[in-house]
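Shown next, in structure tokens, is the structure this report addresses.
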Amino acid sequence: MYKVHCLNNISKKGLDCFTNDYEIVDSIDEANVILVRSANMHDMELPDSVKCVARAGAGVNNIPLEALAEKGIPVFNTPGANANAVKELVLAGLLLSCRDIIGGCNWVRDNAEDENVGKSAEKAKKAFAGGEILGKTLGVVGLGAIGRLVVESAEALGMNCVGYDPFLNQEKAKEISEKLLFTEDLNELLSKSDFVTIHVPATAETSGMINADAISNMKDGVVFLNFSRDKLVNDKDMAQALESGKVAKYVTDFANPAVVKMTNTIVIPHLGASTAEAEDNCAKMAAEEVMAYLERDEKIHCVNMK
């Protein structure tokens with residue numbers, strides 16, 4: 001009997017995937033399996049009984065990968081399981097960035113006591129006018145599970161898409177969309193795009209990649225969307241770009257002390273994968289990966305060992 005401990009709330013639909021050979025336990029001290037979402041594991045001392053760790057999500061920054069590998073403990077993640085949820089929030093971010101829906105809704109709430117609020121709104125609404133995404137160009141940095149879905153949906157909404165991914169070539173990019181303009185030059189993408197959305201992992205190489213130099217290659221008045229990791233963007237450089245108007249709007253799913261003080265931002269409280277469907281999908285995949293490893297020694301989506 002394998003014993004499974006959850007560091008975070010894990011979808012019941014995922015836990016129900018475990019066979020009768022697995023038991024969910026409250027104490028980590030007897031665990032053979034650790035399931036985690038966002039809990040920080042870097043300072044945790046895991047018991048010797050732990051055989052594997054599964055992250056119900058794609059990012060693994062909260063897990064000490066090398067330290068666990070040295071102990072022979074594989075870590076699994078669930079890439080793509082929450083891709084649709086993130087994609088839909090990216091689309092919401094696109095629309096919120098060019099239509100001042102938030103400002104308009106706040107105005108209505110602030111004028112809730114006005115008996116003639118409907119008539120007053122007709123006069124006030126010009127302050128919340130915006131633009132449309134139809135015919136605009138969206139630059140998609142990173143064409144993995146999320147990026148390719150963003151391309152598909154943006155094109156369906158009438159946008160033109162430019163894609164960049166250092167791990168793809170023209171031939172592979174055509175498999176995503178025949179209409180996608182693929183470039184091997186990030187600066188070319190930045191210079192062509194009215195909107196830019198980034199979908200790459202946070203690594204030593206990508207940390208701070210959206211800095212003053214990158215921003216200087218963007219169109220004046222560009223909208224930048226970040227639903228990947230806050231570390232990808234240099235906060236100081238982005239704040240200056242927003243103040244100058246070089247970047248018209250910064251939409252991010254990551255609140256931090258710097259970004260919440262920036263002008264012309266839409267800051268979302270990390271809701272990218274926060275749907276019931278995404279949580280179910282991630283938990284199911286994590287459970288399946290654990291069983292594949294413990295029962296058949298298969299390392300599916302293992303991120304720290306071969």
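Starting from 1 in every chain, residues are counted up; chains themselves are A, B, ... following the order of the structure tokens, and ligands are numbered from 1 as listed.
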
Residue contacts of segment 35-49 of chain A (8 Å, only C-alpha atoms) excluding same-chain residues fewer than 4 positions away, as a list in words: Val4, His5, Cys6, Leu7, Asn8, Asn9, Ile10, Ile28, Asp29, Glu30, Ala31, Val53, Ala54, Arg55, Ala56, Gly57, Asn62, Ile63, Pro64 and Ala286 of chain A

Rank A:Thr19, A:Lys3, A:Gly245, A:Gly130 by their smallest atom-to-atom distance to Glu288 of chain A, using only C-alpha atoms, and report the top residue only.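 Looking at the shortest contact to Glu288 of chain A, the residue is A:Thr19.
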
Find the residues near segment 209-216 of chain A: any atom within 10 Å, counting only C-alpha atoms, skip ones fewer than 5 places away on the same chain, and give them as number ranges by chain. A: 186-187, 190-191, 198, 202, 204, 222, 224, 231-238, 240-241, 246-247

Rank nothing, just name the residue among A:Tyr250, A:Phe182, A:Phe167, A:Phe76 nearest to Leu94 of chain A, using only C-alpha atoms.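 Ranking A:Tyr250, A:Phe182, A:Phe167, A:Phe76 by distance to Leu94 of chain A, first place goes to A:Tyr250.
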
Set the distance at 12 Å and use only C-alpha atoms: which residues neighbour Ala145 of chain A once local chain neighbours fewer than 4 positions away are removed? I'd like the list as an mmCIF file with N, CA, C and O atoms, in the first residue's frame.
```cif
data_model
loop_
_atom_site.group_PDB
_atom_site.id
_atom_site.type_symbol
_atom_site.label_atom_id
_atom_site.label_comp_id
_atom_site.auth_asym_id
_atom_site.auth_seq_id
_atom_site.Cartn_x
_atom_site.Cartn_y
_atom_site.Cartn_z
ATOM 1 N N ALA A 58 2.437 22.957 -14.173
ATOM 2 C CA ALA A 58 3.629 22.889 -15.027
ATOM 3 C C ALA A 58 4.883 23.419 -14.348
ATOM 4 O O ALA A 58 5.937 22.801 -14.402
ATOM 5 N N THR A 78 2.917 18.412 -14.823
ATOM 6 C CA THR A 78 1.778 18.086 -15.691
ATOM 7 C C THR A 78 1.628 19.139 -16.795
ATOM 8 O O THR A 78 0.655 19.892 -16.824
ATOM 9 N N PRO A 79 2.597 19.191 -17.721
ATOM 10 C CA PRO A 79 2.538 20.207 -18.780
ATOM 11 C C PRO A 79 1.327 20.028 -19.681
ATOM 12 O O PRO A 79 0.987 18.914 -20.081
ATOM 13 N N GLY A 80 0.667 21.131 -19.972
ATOM 14 C CA GLY A 80 -0.471 21.112 -20.879
ATOM 15 C C GLY A 80 -1.804 20.860 -20.221
ATOM 16 O O GLY A 80 -2.855 21.153 -20.808
ATOM 17 N N ALA A 81 -1.800 20.361 -18.992
ATOM 18 C CA ALA A 81 -3.073 20.028 -18.345
ATOM 19 C C ALA A 81 -3.903 21.273 -18.043
ATOM 20 O O ALA A 81 -5.134 21.215 -17.993
ATOM 21 N N ASN A 82 -3.238 22.408 -17.830
ATOM 22 C CA ASN A 82 -3.971 23.643 -17.536
ATOM 23 C C ASN A 82 -3.873 24.649 -18.683
ATOM 24 O O ASN A 82 -4.194 25.821 -18.524
ATOM 25 N N ALA A 83 -3.417 24.178 -19.856
ATOM 26 C CA ALA A 83 -3.143 25.098 -20.964
ATOM 27 C C ALA A 83 -4.384 25.860 -21.415
ATOM 28 O O ALA A 83 -4.316 27.058 -21.699
ATOM 29 N N ASN A 84 -5.518 25.185 -21.499
ATOM 30 C CA ASN A 84 -6.716 25.876 -21.978
ATOM 31 C C ASN A 84 -7.158 26.960 -20.998
ATOM 32 O O ASN A 84 -7.592 28.040 -21.415
ATOM 33 N N ALA A 85 -7.044 26.672 -19.708
ATOM 34 C CA ALA A 85 -7.431 27.677 -18.704
ATOM 35 C C ALA A 85 -6.586 28.939 -18.838
ATOM 36 O O ALA A 85 -7.107 30.053 -18.800
ATOM 37 N N VAL A 86 -5.276 28.761 -19.001
ATOM 38 C CA VAL A 86 -4.391 29.920 -19.151
ATOM 39 C C VAL A 86 -4.690 30.653 -20.449
ATOM 40 O O VAL A 86 -4.757 31.883 -20.485
ATOM 41 N N LYS A 87 -4.893 29.893 -21.515
ATOM 42 C CA LYS A 87 -5.205 30.509 -22.805
ATOM 43 C C LYS A 87 -6.440 31.397 -22.707
ATOM 44 O O LYS A 87 -6.452 32.522 -23.237
ATOM 45 N N LEU A 149 -2.106 27.259 -28.385
ATOM 46 C CA LEU A 149 -3.546 27.465 -28.212
ATOM 47 C C LEU A 149 -3.909 28.942 -28.340
ATOM 48 O O LEU A 149 -4.965 29.284 -28.884
ATOM 49 N N VAL A 150 -3.040 29.807 -27.826
ATOM 50 C CA VAL A 150 -3.266 31.250 -27.957
ATOM 51 C C VAL A 150 -3.289 31.648 -29.429
ATOM 52 O O VAL A 150 -4.144 32.421 -29.867
ATOM 53 N N VAL A 151 -2.352 31.128 -30.206
ATOM 54 C CA VAL A 151 -2.313 31.420 -31.644
ATOM 55 C C VAL A 151 -3.617 31.007 -32.306
ATOM 56 O O VAL A 151 -4.227 31.777 -33.060
ATOM 57 N N GLU A 152 -4.050 29.790 -32.028
ATOM 58 C CA GLU A 152 -5.280 29.268 -32.637
ATOM 59 C C GLU A 152 -6.482 30.160 -32.330
ATOM 60 O O GLU A 152 -7.256 30.511 -33.225
ATOM 61 N N ILE A 176 1.477 24.309 -36.338
ATOM 62 C CA ILE A 176 0.588 25.041 -35.421
ATOM 63 C C ILE A 176 -0.456 25.809 -36.221
ATOM 64 O O ILE A 176 -1.649 25.749 -35.917
ATOM 65 N N HIS A 199 5.078 33.086 -23.150
ATOM 66 C CA HIS A 199 4.751 31.759 -22.620
ATOM 67 C C HIS A 199 5.988 30.875 -22.631
ATOM 68 O O HIS A 199 6.094 29.921 -23.414
ATOM 69 N N VAL A 200 6.954 31.224 -21.769
ATOM 70 C CA VAL A 200 8.187 30.460 -21.642
ATOM 71 C C VAL A 200 8.426 30.174 -20.168
ATOM 72 O O VAL A 200 7.929 30.896 -19.297
ATOM 73 N N PRO A 201 9.170 29.121 -19.842
ATOM 74 C CA PRO A 201 9.468 28.833 -18.430
ATOM 75 C C PRO A 201 10.451 29.837 -17.856
ATOM 76 O O PRO A 201 11.211 30.475 -18.592
#
```

According to DSSP computed on the backbone, where in segment 41-282 of chain A is there strand (DSSP E)? Give the residues as a PyMOL selection string. chain A and resi 52-55+75-76+137-141+160-164+181-182+195-198+222-226+247-252+265-267

Once DSSP has gone over the backbone, tell me which residues of segment 42-283 of chain A are in helix (DSSP H, G or I), as a ChimeraX atom specification. /A:65-70,83-98,101-110,117-128,145-156,170-176,186-192,212-216,230-232,235-244,259-261,276-283

Write out as a list in words each polymer residue whose atoms come within 12 Å of Tyr293 of chain A, counting only C-alpha atoms; drop sequence neighbours fewer than 3 positions from it.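 Result of the neighbour search: Val33, Lys51, Cys52, Val53, Ala54, Ile73, Pro74, Val75, Phe76, Ala286, Ala287, Glu288, Glu289, Val290, Arg296, Asp297, Glu298, Lys299, Ile300, His301 and Cys302 of chain A.
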
Residues of the last selection are to be written out with N, CA and C atoms, as a PDB file, in the first residue's frame.
```
ATOM      1  N   VAL A  33       4.423   9.219  -1.389  1.00  0.00           N
ATOM      2  CA  VAL A  33       4.175  10.106  -2.520  1.00  0.00           C
ATOM      3  C   VAL A  33       3.783  11.480  -1.990  1.00  0.00           C
ATOM      4  N   LYS A  51       9.110   8.403  -2.166  1.00  0.00           N
ATOM      5  CA  LYS A  51       9.652   7.792  -3.380  1.00  0.00           C
ATOM      6  C   LYS A  51       9.536   8.702  -4.606  1.00  0.00           C
ATOM      7  N   CYS A  52       8.574   9.632  -4.587  1.00  0.00           N
ATOM      8  CA  CYS A  52       8.421  10.542  -5.725  1.00  0.00           C
ATOM      9  C   CYS A  52       7.563  11.737  -5.327  1.00  0.00           C
ATOM     10  N   VAL A  53       7.688  12.798  -6.126  1.00  0.00           N
ATOM     11  CA  VAL A  53       6.912  14.026  -5.938  1.00  0.00           C
ATOM     12  C   VAL A  53       6.238  14.357  -7.252  1.00  0.00           C
ATOM     13  N   ALA A  54       4.964  14.725  -7.203  1.00  0.00           N
ATOM     14  CA  ALA A  54       4.253  15.126  -8.418  1.00  0.00           C
ATOM     15  C   ALA A  54       3.635  16.493  -8.208  1.00  0.00           C
ATOM     16  N   ILE A  73      14.932  10.867  -5.858  1.00  0.00           N
ATOM     17  CA  ILE A  73      13.484  11.083  -5.842  1.00  0.00           C
ATOM     18  C   ILE A  73      13.083  11.841  -7.112  1.00  0.00           C
ATOM     19  N   PRO A  74      12.379  11.194  -8.037  1.00  0.00           N
ATOM     20  CA  PRO A  74      11.951  11.896  -9.254  1.00  0.00           C
ATOM     21  C   PRO A  74      10.814  12.871  -8.978  1.00  0.00           C
ATOM     22  N   VAL A  75      10.801  13.956  -9.742  1.00  0.00           N
ATOM     23  CA  VAL A  75       9.727  14.954  -9.657  1.00  0.00           C
ATOM     24  C   VAL A  75       9.015  14.996 -11.005  1.00  0.00           C
ATOM     25  N   PHE A  76       7.700  14.902 -10.973  1.00  0.00           N
ATOM     26  CA  PHE A  76       6.899  14.950 -12.185  1.00  0.00           C
ATOM     27  C   PHE A  76       6.070  16.221 -12.217  1.00  0.00           C
ATOM     28  N   ALA A 286      -1.202  13.983 -12.657  1.00  0.00           N
ATOM     29  CA  ALA A 286      -0.223  13.729 -11.603  1.00  0.00           C
ATOM     30  C   ALA A 286      -0.407  12.333 -11.014  1.00  0.00           C
ATOM     31  N   ALA A 287      -1.635  11.947 -10.760  1.00  0.00           N
ATOM     32  CA  ALA A 287      -1.908  10.617 -10.207  1.00  0.00           C
ATOM     33  C   ALA A 287      -1.457   9.524 -11.174  1.00  0.00           C
ATOM     34  N   GLU A 288      -1.728   9.719 -12.456  1.00  0.00           N
ATOM     35  CA  GLU A 288      -1.345   8.729 -13.466  1.00  0.00           C
ATOM     36  C   GLU A 288       0.175   8.607 -13.567  1.00  0.00           C
ATOM     37  N   GLU A 289       0.886   9.751 -13.444  1.00  0.00           N
ATOM     38  CA  GLU A 289       2.345   9.723 -13.499  1.00  0.00           C
ATOM     39  C   GLU A 289       2.927   8.974 -12.306  1.00  0.00           C
ATOM     40  N   VAL A 290       2.355   9.211 -11.139  1.00  0.00           N
ATOM     41  CA  VAL A 290       2.822   8.529  -9.933  1.00  0.00           C
ATOM     42  C   VAL A 290       2.645   7.021 -10.068  1.00  0.00           C
ATOM     43  N   ARG A 296       5.386   0.687 -12.765  1.00  0.00           N
ATOM     44  CA  ARG A 296       6.039   0.224 -13.996  1.00  0.00           C
ATOM     45  C   ARG A 296       7.399   0.884 -14.221  1.00  0.00           C
ATOM     46  N   ASP A 297       7.841   1.683 -13.265  1.00  0.00           N
ATOM     47  CA  ASP A 297       9.127   2.383 -13.349  1.00  0.00           C
ATOM     48  C   ASP A 297       9.206   3.295 -14.569  1.00  0.00           C
ATOM     49  N   GLU A 298       8.064   3.866 -14.978  1.00  0.00           N
ATOM     50  CA  GLU A 298       8.029   4.810 -16.097  1.00  0.00           C
ATOM     51  C   GLU A 298       8.115   6.234 -15.557  1.00  0.00           C
ATOM     52  N   LYS A 299       9.023   7.001 -16.110  1.00  0.00           N
ATOM     53  CA  LYS A 299       9.180   8.391 -15.675  1.00  0.00           C
ATOM     54  C   LYS A 299       8.548   9.303 -16.727  1.00  0.00           C
ATOM     55  N   ILE A 300       7.261   9.568 -16.588  1.00  0.00           N
ATOM     56  CA  ILE A 300       6.529  10.416 -17.533  1.00  0.00           C
ATOM     57  C   ILE A 300       6.571  11.858 -17.042  1.00  0.00           C
ATOM     58  N   HIS A 301       7.086  12.750 -17.883  1.00  0.00           N
ATOM     59  CA  HIS A 301       7.221  14.160 -17.530  1.00  0.00           C
ATOM     60  C   HIS A 301       8.062  14.345 -16.256  1.00  0.00           C
ATOM     61  N   CYS A 302       9.110  13.591 -16.149  1.00  0.00           N
ATOM     62  CA  CYS A 302      10.048  13.763 -15.036  1.00  0.00           C
ATOM     63  C   CYS A 302      10.957  14.943 -15.350  1.00  0.00           C
TER      64      CYS A 302
END
```

Taking 6 positions as the minimum chain separation for residues in the same chain, which residues sit within 9 Å of Ser11 of chain A when counting only C-alpha atoms? Answer as a VMD selection string. chain A and resid 276 279 to 284

Find the residues near Phe128 of chain A: any atom within 7 Å, counting only C-alpha atoms, skip ones fewer than 3 places away on the same chain, and give them as a PyMOL selection string. chain A and resi 100+103-104+125
